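Trainee: Below are the structure tokens for one structure; questions will follow.
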Amino acid sequence: MANTTQSAKVWKKFKRNTFALIGLIYIVLMLVVGVLGYLITPDQTPYANTMHLQVTNKKPGRTFQFLIVSRTENVEKVGVLEKMLYGQEADFKSIPITSYRVQGNKVFAKEYIGDDEQAEEEAYPLVSGENTYKQTFYLGTDMYGRDLLSRLILGVRVSLSIGLMAVLISMFIGVGLGAIAGYFGGKIDAGISWFMNVIWSLPSLLLVIAISFALGKGFWQIFIAVGLSTWVDVARLVRGQVMALKQVEFVEAAKALGFSNSRTIIKHILPNIAGPILVVGSANFASAILLETGLSFLGFGAQPPMPSWGTMIKEHYGYIIMDAAYLAVLPGLAIMLTVYAFNLIAIGLRDAFDVKGQNTNV
């Protein structure tokens with residue numbers, strides 16, 4: 001009952017912070033978008049990687065008509081859950097067209113090759129079922145003719161999943177080492193503190209790149225690399241909090257009752273410093289997303305064709321000085337809003353838990 005009351009008090013104080021609540025709502029919406037994934041993307045193929053080079057770099061809102069020129073046999077139709085997670089492989093190939101007509105068992109169509117150019121009419125085989133369809137690119141197309149909106153939506157999943165796993169890894173290492181150092185003190189504290197200072201002195205991005213070199217490029221390797229580079233903040237915070245609490249009465253009572261050190265730390269000390277840990281965890285979530293974005297921009301993060309906001313910026317940053325700046329601005333804006341939302345949540349949690357004087361990097 002006491003925990004419920006404390007949680008209710010924290011939530012009540014958190015709700016009073018309008019910006020923090022807006023940040024939480026934004027993250028929840030992004031989480032829903034990330035979970036639904038392919039179910040809400042216009043391009044539902046794996047990685048939203050359907051390319052139409054004829055329609056590269058088209059402005060947002062453009063609608064094109066496509067002609068299905070062939071169908072692929074034996075493409076398995078997946079269930080809703082599998083489709084949500086991995087997408088549905090397309091069972092046809094198509095080309096953008098400007099006009100078409102059906103004559104016998106042939107379709108005569110003019111392929112779209114540009115707004116100011118006209119292609120010659122060519123004959124294509126008449127396939128079964130629907131021959132044409134229209135697609136609107138609400139945020140335009142990228143340099144490969146892929147739907148930008150679909151790839152932005154799937155990029156939410158990449159950023160949030162890497163942020164979550166990296167924070168869990170950093171929490172596990174940081175809370176463990178920080179609690180041991182703060183509780184036992186002496187040579188153990190000196191050794192762990194020395195190790196923390198060594199890691200602290202290394203630039204985070206360079207450390208992540210070095211770990212990525214050791215583990216290899218890939219999606220799962222980024223979880224470990226980012227997590228191993230962000231645990232020091234948590235460890236330093238936990239160490240200080242445990243050192244402050246280990247002399248209080250309830251800890252002394254636990255020792256007098258013969259409780260083991262691990263039980264004293266896990267059952268009695270850590271629950272009393274959950275607030276500061278959550279605050280620094282929220283801030284580290286934002287840091288992890290920024291690190292992943294930087295790695296993807298440098299080519300060490302999620303590998304193509306997997307959509308990542310950092311990779312999207314890398315592919316299109318040259319268009320910033322052209323008339324297609326939105327190709328790099330939109331993923332950059334998504335990164336900025338997500339990181340800002342997590343920082344707002346961290347500030348709201350700091351005020352709600354009444355954490356004073358803690359370094360939360362916000």
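In the structure tokens, the first chain shown is A, the next is B, and so on; residue numbers restart at 1 for each chain, and ligands run from 1 in the order shown.
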Near range 221-238 of chain A, counting only C-alpha atoms, which residues have an atom at most 7 Å away, once you skip same-chain residues fewer than 2 positions from it, shown as a count of residues only?

Mentor: 34

Trainee: Just asking: which residues within range 60-297 of chain A are strand (DSSP E or B) according to DSSP, as number ranges by chain?

Mentor: A: 62-71, 92-103, 106-111, 121-125, 132-137, 141, 147

Trainee: Could you save those same residues with C-alpha atoms as an mmCIF file, in the first residue's frame?

Mentor:
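As a result, selection_2.cif now contains:
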```
data_model
loop_
_atom_site.group_PDB
_atom_site.id
_atom_site.type_symbol
_atom_site.label_atom_id
_atom_site.label_comp_id
_atom_site.auth_asym_id
_atom_site.auth_seq_id
_atom_site.Cartn_x
_atom_site.Cartn_y
_atom_site.Cartn_z
ATOM 1 C CA ARG A 62 2.889 12.918 -55.375
ATOM 2 C CA THR A 63 0.641 10.140 -56.690
ATOM 3 C CA PHE A 64 1.776 7.735 -59.390
ATOM 4 C CA GLN A 65 0.058 4.994 -61.318
ATOM 5 C CA PHE A 66 1.870 1.662 -61.516
ATOM 6 C CA LEU A 67 1.497 -1.196 -63.977
ATOM 7 C CA ILE A 68 2.011 -4.745 -62.729
ATOM 8 C CA VAL A 69 4.261 -6.346 -65.342
ATOM 9 C CA SER A 70 4.736 -9.770 -63.717
ATOM 10 C CA ARG A 71 3.667 -11.820 -60.745
ATOM 11 C CA PHE A 92 4.575 -8.791 -58.217
ATOM 12 C CA LYS A 93 6.867 -6.375 -60.013
ATOM 13 C CA SER A 94 5.614 -3.028 -61.242
ATOM 14 C CA ILE A 95 6.695 0.087 -63.105
ATOM 15 C CA PRO A 96 5.353 3.662 -62.955
ATOM 16 C CA ILE A 97 3.378 4.648 -66.046
ATOM 17 C CA THR A 98 1.678 7.726 -67.476
ATOM 18 C CA SER A 99 -0.960 5.927 -69.562
ATOM 19 C CA TYR A 100 -1.969 2.449 -70.663
ATOM 20 C CA ARG A 101 -4.464 0.550 -72.760
ATOM 21 C CA VAL A 102 -5.401 -3.118 -72.920
ATOM 22 C CA GLN A 103 -5.542 -4.867 -76.264
ATOM 23 C CA LYS A 106 -1.243 -7.343 -74.010
ATOM 24 C CA VAL A 107 -1.054 -4.065 -72.115
ATOM 25 C CA PHE A 108 0.371 -1.131 -74.037
ATOM 26 C CA ALA A 109 1.769 1.449 -71.605
ATOM 27 C CA LYS A 110 4.024 4.484 -71.538
ATOM 28 C CA GLU A 111 6.528 4.206 -68.723
ATOM 29 C CA GLU A 121 4.577 2.998 -75.768
ATOM 30 C CA GLU A 122 5.637 -0.562 -75.049
ATOM 31 C CA ALA A 123 3.764 -3.856 -74.834
ATOM 32 C CA TYR A 124 3.623 -5.873 -71.625
ATOM 33 C CA PRO A 125 1.920 -9.210 -70.885
ATOM 34 C CA THR A 132 -2.662 -1.316 -62.227
ATOM 35 C CA TYR A 133 -2.709 0.471 -58.899
ATOM 36 C CA LYS A 134 -2.072 3.969 -57.605
ATOM 37 C CA GLN A 135 0.246 4.910 -54.765
ATOM 38 C CA THR A 136 0.566 8.261 -53.018
ATOM 39 C CA PHE A 137 3.951 9.085 -51.503
ATOM 40 C CA THR A 141 10.486 9.288 -52.229
ATOM 41 C CA ASP A 147 8.580 5.506 -49.861
#
```

Trainee: With only C-alpha atoms as the counted atoms, please give the residues lying no more than 6 Å from range 308-312 of chain A, apart from itself and same-chain residues fewer than 2 positions off, as a PDB file with C-alpha atoms, in the first residue's frame.

Mentor:
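Output (around-v7.pdb):
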```
ATOM      1  CA  GLY A 155      13.169   3.769 -38.273  1.00  0.00           C
ATOM      2  CA  THR A 293      22.248   7.695 -35.049  1.00  0.00           C
ATOM      3  CA  SER A 296      24.518   4.678 -38.536  1.00  0.00           C
ATOM      4  CA  PHE A 297      25.644   7.956 -40.118  1.00  0.00           C
ATOM      5  CA  LYS A 314      23.806   9.921 -44.418  1.00  0.00           C
ATOM      6  CA  GLU A 315      22.218   9.024 -47.755  1.00  0.00           C
ATOM      7  CA  PRO A 331      14.722  11.979 -40.171  1.00  0.00           C
TER       8      PRO A 331
END
```

Trainee: Give me, as a short mmCIF file (atom, residue, chain, number, x, y, z; two decimals) with C-alpha atoms, in the first residue's frame, all polymer residues having an atom no more than 12 Å from Ile25 in chain A, counting only C-alpha atoms and skipping those fewer than 2 positions away in the same chain.

Mentor:
```cif
data_model
loop_
_atom_site.label_atom_id
_atom_site.label_comp_id
_atom_site.auth_asym_id
_atom_site.auth_seq_id
_atom_site.Cartn_x
_atom_site.Cartn_y
_atom_site.Cartn_z
CA LYS A 15 1.34 15.00 -14.51
CA THR A 18 2.90 19.72 -18.91
CA PHE A 19 6.02 19.38 -21.05
CA ALA A 20 7.02 16.08 -19.43
CA LEU A 21 3.52 14.72 -19.99
CA ILE A 22 3.64 15.81 -23.65
CA GLY A 23 6.99 14.05 -23.95
CA ILE A 27 7.01 8.46 -26.75
CA VAL A 28 3.91 6.30 -26.24
CA LEU A 29 2.71 7.24 -29.73
CA MET A 30 6.12 6.41 -31.17
CA LEU A 31 6.05 3.10 -29.30
CA VAL A 32 2.64 2.26 -30.80
CA THR A 338 12.45 11.77 -29.82
CA ALA A 341 10.88 13.93 -25.49
CA PHE A 342 13.08 11.60 -23.44
CA LEU A 344 11.53 16.11 -20.97
CA ILE A 345 10.54 12.82 -19.32
#
```

Trainee: Please provide the set of residues having any atom within 7 Å of Asn343 in chain A, restricted to only C-alpha atoms, with same-chain residues fewer than 2 positions apart removed, written as a compact mmCIF listing (two decimals) with C-alpha atoms, in the first residue's frame.

Mentor:
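So the final result, stored in part.txt, reads:
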```txt
# COMPACT_ATOMS: atom_id res chain seq x y z
CA SER A 282 15.60 8.21 -19.22
CA ALA A 283 18.50 10.51 -20.03
CA ALA A 286 18.18 9.77 -25.33
CA VAL A 339 15.58 12.78 -27.92
CA TYR A 340 13.88 15.95 -26.65
CA ALA A 341 10.88 13.93 -25.49
CA ILE A 345 10.54 12.82 -19.32
CA ALA A 346 13.84 12.76 -17.43
CA ILE A 347 13.28 16.29 -16.15
CA VAL A 362 19.58 16.66 -19.21
```

Trainee: Excluding Gly140 in chain A and its own-chain neighbours fewer than 3 positions away, which residues fall within 8 Å of it when counting only C-alpha atoms? Please give them as a JSON list (two decimals) with N, CA and C atoms, in the first residue's frame.

Mentor:
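That gives us out.json:
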```json
[["chain", "number", "residue", "atom", "x", "y", "z"],
["A", 57, "ASN", "N", 13.44, 10.92, -55.55],
["A", 57, "ASN", "CA", 13.42, 12.30, -55.06],
["A", 57, "ASN", "C", 12.18, 13.08, -55.49],
["A", 58, "LYS", "N", 11.03, 12.45, -55.41],
["A", 58, "LYS", "CA", 9.79, 13.14, -55.74],
["A", 58, "LYS", "C", 9.23, 13.84, -54.51],
["A", 59, "LYS", "N", 8.58, 14.95, -54.73],
["A", 59, "LYS", "CA", 8.07, 15.78, -53.65],
["A", 59, "LYS", "C", 6.97, 15.08, -52.87],
["A", 60, "PRO", "N", 6.78, 15.46, -51.61],
["A", 60, "PRO", "CA", 5.69, 14.88, -50.81],
["A", 60, "PRO", "C", 4.34, 15.11, -51.46],
["A", 61, "GLY", "N", 3.47, 14.08, -51.36],
["A", 61, "GLY", "CA", 2.12, 14.19, -51.87],
["A", 61, "GLY", "C", 1.94, 13.74, -53.30],
["A", 62, "ARG", "N", 3.02, 13.35, -53.99],
["A", 62, "ARG", "CA", 2.89, 12.92, -55.38],
["A", 62, "ARG", "C", 2.21, 11.56, -55.46],
["A", 137, "PHE", "N", 2.77, 8.98, -52.37],
["A", 137, "PHE", "CA", 3.95, 9.09, -51.50],
["A", 137, "PHE", "C", 3.78, 10.35, -50.65],
["A", 147, "ASP", "N", 9.52, 4.66, -50.58],
["A", 147, "ASP", "CA", 8.58, 5.51, -49.86],
["A", 147, "ASP", "C", 9.22, 6.01, -48.56],
["A", 148, "LEU", "N", 9.38, 7.31, -48.43],
["A", 148, "LEU", "CA", 10.07, 7.89, -47.28],
["A", 148, "LEU", "C", 9.28, 7.71, -46.00],
["A", 149, "LEU", "N", 7.95, 7.82, -46.05],
["A", 149, "LEU", "CA", 7.13, 7.66, -44.86],
["A", 149, "LEU", "C", 7.28, 6.27, -44.28]]
```

Trainee: Write out as a ChimeraX atom specification all residues of range 171-359 of chain A that DSSP puts in alpha helix (DSSP H) for this structure's backbone.

Mentor: /A:171-184,186-201,204-215,219-229,231-245,249-256,261-263,274-298,309-316,326-352

Trainee: Report, in Å to a single decimal, how far apart CA of Lys77 in chain A and CA of Val127 in chain A are.

Mentor: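 Answer for the CA of Val127 in chain A to CA of Lys77 in chain A separation: 19.1 Å.
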
Trainee: Determine, counting only C-alpha atoms, which protein, DNA and RNA residues have an atom within 10 Å of an atom of Glu252 in chain A; residues of the same chain fewer than 6 positions away are not included. Present the result as a list in words.

Mentor: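 Surrounding residues, per the criterion: Leu245, Lys246 and Thr264 of chain A.
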